[in-house]
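Take a look at the structure set out below.
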Number of protein chains: 2
Amino acid sequence: MDVARSEILEAGIPLACHSCQARHGVVCGALSSRQLKELNRHSLRRKMEAGCEIIAQGSESSFYSNIMSGVVKLCKMMPDGRQQIVGLQFAPDFVGRPFVRESTLSAEAATDAEICVFPRNLFDRMISETPELQRSLHDQALKELDAAREWMLTLGRRTAEEKVASLLYLIATHAEPQTATSAAFDLPLSRAEIADFLGLTIETVSRQMTRLRKRGIILIENSRHIIVPDMDELERITA
Amino acid sequence: MDVARSEILEAGIPLACHSCQARHGVVCGALSSRQLKELNRHSLRRKMEAGCEIIAQGSESSFYSNIMSGVVKLCKMMPDGRQQIVGLQFAPDFVGRPFVRESTLSAEAATDAEICVFPRNLFDRMISETPELQRSLHDQALKELDAAREWMLTLGRRTAEEKVASLLYLIATHAEPQTATSAAFDLPLSRAEIADFLGLTIETVSRQMTRLRKRGIILIENSRHIIVPDMDELERITA
DNA sequence: CGACTTCTTGAAGAAGGTCAACATTTGTGG
DNA sequence: CCACAAATGTTGACCTTCTTCAAGAAGTCG
């Protein structure tokens, strides 16, 4: 579609949506321009700093959100403080749990992030009125389910080395600057968060990272910035 | 609802559905009697022996199923043979992955089971024509997602003892004969399957089971039949 | 009853966790 | 802009948990 035509088609939609990363995402891509206008009227854009909580585990949230930029982590916490990251979400994903008031997990900005927040009541009504939207959310739920199950395999059956390699591979394939064979990216997670994702300790993560570095599988600059010269080789270690 | 009235309301539906456990389940509970008749016309009831595969990982299945009785396990297998069970499903759950042809996991009867099989094409059409059905399947997907994430916490952060206790607790709360405080049930899984579910080895599972037995948390008869005198105590060990 | 599978138990070993010290990066106020 | 403090990451030594390997016990099925 050329630019002029795209602008004509987009003429009726809210200004704020024009350059929004989530414009054609799970939620907004399934709405009519009338619905988009209505949702926008009740939406709020928020900048979140890394570490900021979007939804608290056990709380009743009356809001949903779209991720416009950044990475959001979904966490589960045990009473004694043990913690497990159970999902990572990227723009333009939808954040929230339709049909259930109380959240069984917390959502937290892993990096600085921008989200678009809108009220539960309004959106629940839109879901029930818009089969296309229902279908789109259903689709995201199924994708998250696939991802969760893939991760269960990693948690249950892979070694520490394979776990770390799997995470790096996951992030590399979601981050942008990627050539055919190599990749370079900033980790959106600290070592502690990586440990919580992989069911390991900080120390084990650190040791496995330096092992991968010493074997030439990855280059580490500044501990957050990673270069993978050969993605195929990294994938092989994933098992 | 009394029996006479229920029989009148059910008059228009297929005979096979009358006493079906899945009649008011995720799928059939969301269908009109006309749709139920149509689906029934193209359905096939199958008895599956324990161990029998319903869908193979990596295959393209042109069928979906409803579980009428028994327990179905969802498995992921690595090329080197390592295996992880990523979900258990009970009657009247729906089995299959809408919108995607190729299955990323296998589904296998864990116990003897009866399933009701119906063609993909027909059912995909029904989904798109029936918002209520879409919603119902969406709901099941979200419940499975919650369960998967709960299990990720178990796989990543619980000890072997807590894992075994968690599984026993999960099965006890899904099996029928349960009083206020105690429970008695047959394990639908062998030790090997339990190990594959918990990310452990057979030996560790066995050792933890006898530890729980020696501490009086559970009684083991005939290695498959388990009695839990005090469910609260079992839950406590779950952490 | 005997052959097979499944489950249990023991001894030894390895993977990953814990504790502690140190290095590096980041942030803050002078 | 530097100095210092705090947070984050790395490394080493030791220890615990779980796995591996091996043998034996208990069910299960012909």
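Ordering of the structure tokens sets the chain letters (A, B, ...), residue numbers begin anew at 1 in every chain, and ligands are numbered from 1 in the order given.
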
query = Could you pull the residues within 12 Å of region 15-25 of chain D, counting only C-alpha atoms (C1' of nucleotides), minus those fewer than 6 positions along the same chain, as a PyMOL selection string?
reply = (chain B and resi 159-161+199-205+207-208) or (chain C and resi 6-19)

Please superimpose chain B on chain A using every C-alpha atom, paired by order, in a least-squares fit, and write the moved chain as a CSV table (one decimal) with C-alpha atoms, in the first residue's frame.
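Okay, selection-v1.csv is ready:
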chain,number,residue,atom,x,y,z
B,1,MET,CA,0.5,-0.2,0.2
B,2,ASP,CA,2.0,3.2,-0.7
B,3,VAL,CA,2.2,6.1,1.7
B,4,ALA,CA,-0.4,8.3,0.2
B,5,ARG,CA,-3.1,5.6,0.0
B,6,SER,CA,-2.3,4.5,3.6
B,7,GLU,CA,-2.8,8.1,4.8
B,8,ILE,CA,-6.2,8.3,3.1
B,9,LEU,CA,-7.4,5.1,4.7
B,10,GLU,CA,-6.1,6.2,8.1
B,11,ALA,CA,-7.8,9.6,7.9
B,12,GLY,CA,-10.6,8.9,10.3
B,13,ILE,CA,-8.5,7.6,13.2
B,14,PRO,CA,-7.3,9.5,16.2
B,15,LEU,CA,-4.1,11.4,15.9
B,16,ALA,CA,-2.4,9.6,18.7
B,17,CYS,CA,-2.9,6.3,16.9
B,18,HIS,CA,-1.3,7.4,13.7
B,19,SER,CA,2.3,6.5,14.6
B,20,CYS,CA,1.5,4.1,17.3
B,21,GLN,CA,3.4,0.8,17.2
B,22,ALA,CA,0.3,-1.0,18.5
B,23,ARG,CA,-1.9,0.5,15.8
B,24,HIS,CA,-2.1,-2.7,13.8
B,25,GLY,CA,-1.5,-5.0,16.8
B,26,VAL,CA,-3.7,-7.5,18.5
B,27,VAL,CA,-6.2,-5.0,19.9
B,28,CYS,CA,-6.3,-2.0,17.7
B,29,GLY,CA,-5.9,-3.9,14.5
B,30,ALA,CA,-9.2,-5.6,15.1
B,31,LEU,CA,-11.2,-2.4,15.8
B,32,SER,CA,-13.2,-0.3,13.4
B,33,SER,CA,-12.2,3.4,13.2
B,34,ARG,CA,-15.3,4.3,15.1
B,35,GLN,CA,-14.3,1.9,17.9
B,36,LEU,CA,-10.7,3.1,17.8
B,37,LYS,CA,-12.0,6.6,18.3
B,38,GLU,CA,-14.1,5.5,21.3
B,39,LEU,CA,-11.3,3.5,22.9
B,40,ASN,CA,-8.9,6.4,22.3
B,41,ARG,CA,-11.2,8.8,24.0
B,42,HIS,CA,-10.9,6.8,27.2
B,43,SER,CA,-7.2,5.8,26.9
B,44,LEU,CA,-4.2,7.2,28.6
B,45,ARG,CA,-0.6,6.9,27.4
B,46,ARG,CA,1.9,6.3,30.1
B,47,LYS,CA,5.6,6.2,30.2
B,48,MET,CA,6.8,3.6,32.6
B,49,GLU,CA,10.4,3.4,34.0
B,50,ALA,CA,12.1,0.0,34.1
B,51,GLY,CA,10.9,-1.8,37.2
B,52,CYS,CA,7.6,-0.1,37.4
B,53,GLU,CA,4.6,-2.3,38.2
B,54,ILE,CA,1.7,-2.3,35.8
B,55,ILE,CA,-0.5,-4.9,37.5
B,56,ALA,CA,0.2,-6.4,41.0
B,57,GLN,CA,-0.2,-10.1,41.7
B,58,GLY,CA,-3.4,-10.7,43.6
B,59,SER,CA,-4.9,-7.3,42.9
B,60,GLU,CA,-8.1,-6.4,41.1
B,61,SER,CA,-7.2,-4.3,38.2
B,62,SER,CA,-9.9,-2.3,36.4
B,63,PHE,CA,-7.5,-1.6,33.4
B,64,TYR,CA,-6.0,-3.2,30.4
B,65,SER,CA,-3.1,-2.0,28.4
B,66,ASN,CA,-1.4,-2.2,25.1
B,67,ILE,CA,2.4,-2.2,24.9
B,68,MET,CA,3.5,0.7,22.6
B,69,SER,CA,7.2,0.2,23.2
B,70,GLY,CA,9.5,-1.7,25.6
B,71,VAL,CA,9.4,-5.1,27.2
B,72,VAL,CA,7.1,-6.2,29.9
B,73,LYS,CA,7.7,-9.2,32.2
B,74,LEU,CA,5.0,-11.4,33.7
B,75,CYS,CA,6.0,-12.6,37.2
B,76,LYS,CA,4.7,-15.1,39.7
B,77,MET,CA,5.9,-14.8,43.3
B,78,MET,CA,5.7,-17.4,46.1
B,79,PRO,CA,5.0,-16.3,49.7
B,80,ASP,CA,8.6,-17.0,50.7
B,81,GLY,CA,9.9,-14.7,48.0
B,82,ARG,CA,10.9,-17.2,45.4
B,83,GLN,CA,10.0,-15.7,42.0
B,84,GLN,CA,9.5,-17.0,38.5
B,85,ILE,CA,9.1,-15.0,35.3
B,86,VAL,CA,6.4,-16.7,33.3
B,87,GLY,CA,6.3,-14.6,30.2
B,88,LEU,CA,7.8,-11.7,28.3
B,89,GLN,CA,5.7,-9.4,26.2
B,90,PHE,CA,6.7,-7.0,23.5
B,91,ALA,CA,5.0,-4.2,21.5
B,92,PRO,CA,2.3,-4.4,20.3
B,93,ASP,CA,1.0,-7.1,22.7
B,94,PHE,CA,-2.1,-6.7,24.8
B,95,VAL,CA,-1.6,-7.0,28.6
B,96,GLY,CA,-4.4,-8.1,30.9
B,97,ARG,CA,-6.6,-11.1,31.6
B,98,PRO,CA,-10.1,-10.8,30.2
B,99,PHE,CA,-13.0,-12.4,32.1
B,100,VAL,CA,-11.2,-12.6,35.4
B,101,ARG,CA,-11.0,-9.7,37.8
B,102,GLU,CA,-8.1,-10.8,40.0
B,103,SER,CA,-4.7,-11.2,38.6
B,104,THR,CA,-2.7,-14.3,39.4
B,105,LEU,CA,0.5,-12.7,38.3
B,106,SER,CA,2.2,-9.3,38.2
B,107,ALA,CA,3.2,-7.4,35.1
B,108,GLU,CA,6.2,-5.1,35.3
B,109,ALA,CA,8.1,-3.0,32.8
B,110,ALA,CA,11.4,-4.8,32.3
B,111,THR,CA,12.8,-1.9,30.3
B,112,ASP,CA,11.6,1.7,30.0
B,113,ALA,CA,8.2,1.3,28.3
B,114,GLU,CA,5.2,3.1,27.0
B,115,ILE,CA,1.8,1.7,27.4
B,116,CYS,CA,-1.7,2.7,26.4
B,117,VAL,CA,-4.1,2.1,29.3
B,118,PHE,CA,-7.9,1.8,28.9
B,119,PRO,CA,-10.7,0.9,31.2
B,120,ARG,CA,-11.8,-2.7,31.7
B,121,ASN,CA,-15.6,-2.1,31.5
B,122,LEU,CA,-15.5,-0.4,28.2
B,123,PHE,CA,-13.2,-2.9,26.7
B,124,ASP,CA,-15.1,-6.0,28.0
B,125,ARG,CA,-18.1,-4.5,26.2
B,126,MET,CA,-16.1,-4.1,23.0
B,127,ILE,CA,-14.9,-7.7,23.2
B,128,SER,CA,-18.5,-9.0,23.5
B,129,GLU,CA,-19.6,-6.8,20.6
B,130,THR,CA,-16.7,-7.5,18.3
B,131,PRO,CA,-16.1,-11.1,17.2
B,132,GLU,CA,-13.0,-10.0,15.3
B,133,LEU,CA,-11.5,-8.6,18.5
B,134,GLN,CA,-12.5,-11.7,20.4
B,135,ARG,CA,-10.8,-13.8,17.8
B,136,SER,CA,-7.7,-11.6,17.9
B,137,LEU,CA,-7.4,-11.9,21.6
B,138,HIS,CA,-8.0,-15.6,21.4
B,139,ASP,CA,-5.2,-15.8,19.0
B,140,GLN,CA,-2.8,-14.0,21.3
B,141,ALA,CA,-3.8,-16.2,24.1
B,142,LEU,CA,-3.0,-19.3,22.1
B,143,LYS,CA,0.3,-17.9,21.1
B,144,GLU,CA,1.2,-17.2,24.7
B,145,LEU,CA,0.1,-20.7,25.6
B,146,ASP,CA,2.5,-22.1,22.9
B,147,ALA,CA,5.2,-19.9,24.3
B,148,ALA,CA,4.5,-20.9,27.9
B,149,ARG,CA,4.6,-24.6,27.0
B,150,GLU,CA,7.8,-24.2,25.0
B,151,TRP,CA,9.3,-22.6,28.1
B,152,MET,CA,8.0,-25.4,30.3
B,153,LEU,CA,10.2,-27.7,28.3
B,154,THR,CA,13.2,-25.4,28.9
B,155,LEU,CA,12.5,-25.2,32.6
B,156,GLY,CA,12.0,-28.9,33.1
B,157,ARG,CA,14.4,-30.5,30.7
B,158,ARG,CA,17.2,-28.3,29.7
B,159,THR,CA,20.6,-27.8,31.4
B,160,ALA,CA,21.8,-24.5,32.7
B,161,GLU,CA,23.9,-24.0,29.6
B,162,GLU,CA,20.9,-24.8,27.3
B,163,LYS,CA,18.7,-22.6,29.3
B,164,VAL,CA,20.9,-19.5,29.0
B,165,ALA,CA,21.4,-20.2,25.3
B,166,SER,CA,17.7,-20.5,24.8
B,167,LEU,CA,17.0,-17.2,26.5
B,168,LEU,CA,19.6,-15.4,24.4
B,169,TYR,CA,18.2,-17.0,21.3
B,170,LEU,CA,14.7,-15.9,22.3
B,171,ILE,CA,15.7,-12.3,22.9
B,172,ALA,CA,17.9,-12.2,19.8
B,173,THR,CA,15.0,-13.3,17.6
B,174,HIS,CA,12.7,-10.7,19.1
B,175,ALA,CA,15.2,-7.8,18.9
B,176,GLU,CA,15.6,-5.8,15.8
B,177,PRO,CA,19.2,-5.5,14.5
B,178,GLN,CA,19.6,-8.9,13.0
B,179,THR,CA,21.4,-9.9,9.9
B,180,ALA,CA,21.0,-13.3,8.2
B,181,THR,CA,23.5,-15.0,10.5
B,182,SER,CA,24.4,-12.6,13.3
B,183,ALA,CA,22.6,-10.6,15.9
B,184,ALA,CA,23.4,-7.7,18.3
B,185,PHE,CA,21.1,-6.5,21.0
B,186,ASP,CA,20.7,-5.1,24.5
B,187,LEU,CA,19.4,-7.5,27.1
B,188,PRO,CA,16.1,-6.2,28.5
B,189,LEU,CA,16.7,-8.2,31.7
B,190,SER,CA,19.2,-8.0,34.5
B,191,ARG,CA,21.1,-11.2,35.6
B,192,ALA,CA,18.7,-11.5,38.5
B,193,GLU,CA,15.7,-11.4,36.1
B,194,ILE,CA,17.3,-13.9,33.7
B,195,ALA,CA,17.8,-16.2,36.7
B,196,ASP,CA,14.1,-15.8,37.6
B,197,PHE,CA,13.2,-16.6,34.1
B,198,LEU,CA,15.3,-19.7,33.8
B,199,GLY,CA,14.8,-21.1,37.3
B,200,LEU,CA,18.5,-20.6,38.1
B,201,THR,CA,20.6,-18.5,40.4
B,202,ILE,CA,22.3,-15.3,39.4
B,203,GLU,CA,25.7,-16.9,39.8
B,204,THR,CA,24.9,-19.8,37.5
B,205,VAL,CA,23.6,-17.5,34.9
B,206,SER,CA,26.8,-15.4,35.1
B,207,ARG,CA,29.0,-18.5,34.9
B,208,GLN,CA,27.2,-19.8,31.8
B,209,MET,CA,27.4,-16.5,30.1
B,210,THR,CA,31.1,-16.3,30.6
B,211,ARG,CA,31.4,-20.0,29.4
B,212,LEU,CA,29.5,-19.0,26.2
B,213,ARG,CA,31.8,-16.0,25.8
B,214,LYS,CA,35.0,-18.0,26.3
B,215,ARG,CA,33.8,-20.5,23.7
B,216,GLY,CA,33.2,-17.6,21.2
B,217,ILE,CA,29.5,-18.2,20.9
B,218,ILE,CA,28.7,-14.7,22.2
B,219,LEU,CA,30.5,-11.4,22.8
B,220,ILE,CA,29.7,-9.5,25.9
B,221,GLU,CA,30.1,-5.7,26.0
B,222,ASN,CA,29.2,-3.9,29.1
B,223,SER,CA,27.3,-7.0,30.4
B,224,ARG,CA,24.0,-5.8,28.9
B,225,HIS,CA,25.0,-5.6,25.3
B,226,ILE,CA,25.4,-8.9,23.5
B,227,ILE,CA,26.6,-9.9,20.1
B,228,VAL,CA,26.0,-13.3,18.6
B,229,PRO,CA,28.3,-13.8,15.6
B,230,ASP,CA,26.6,-17.0,14.5
B,231,MET,CA,22.9,-17.5,15.4
B,232,ASP,CA,22.9,-21.1,14.0
B,233,GLU,CA,25.6,-22.0,16.5
B,234,LEU,CA,23.7,-20.5,19.3
B,235,GLU,CA,20.6,-22.4,18.3
B,236,ARG,CA,22.6,-25.6,18.2
B,237,ILE,CA,23.5,-25.2,21.9
B,238,THR,CA,19.8,-24.6,22.7
B,239,ALA,CA,19.3,-28.3,21.8

task = Please indicate the distance in Å from C1' of DG12 (chain D) to C1' of DT26 (chain C), rounded to one decimal place.
result = 25.5 Å

ask   = Quick one: distance from C1' of DA3 (chain D) to C1' of DT25 (chain C) in Å, one decimal?
value =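 C1' of DT25 (chain C) lies 14.9 Å from C1' of DA3 (chain D).
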
key: Shortest interatomic distance to DA21 (chain C) - which of D:DC2, D:DA7, D:DA13, D:DA26, counting only C-alpha atoms (C1' of nucleotides)   =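 Among D:DC2, D:DA7, D:DA13, D:DA26, it is D:DA13 that comes nearest to DA21 (chain C).
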
Within 9 Å of chain A, which residues of chain D come that close, and what is the closest atom pair and distance in Å for each? Count only C-alpha atoms (C1' of nucleotides) and give it as a Markdown table.
| residue | atom | partner | partner_atom | distance |
| --- | --- | --- | --- | --- |
| D:DT8 | C1' | A:Arg191 | CA | 8.2 |
| D:DG9 | C1' | A:Ser206 | CA | 7.4 |
| D:DT10 | C1' | A:Ser206 | CA | 6.8 |
| D:DT11 | C1' | A:Arg207 | CA | 8.3 |
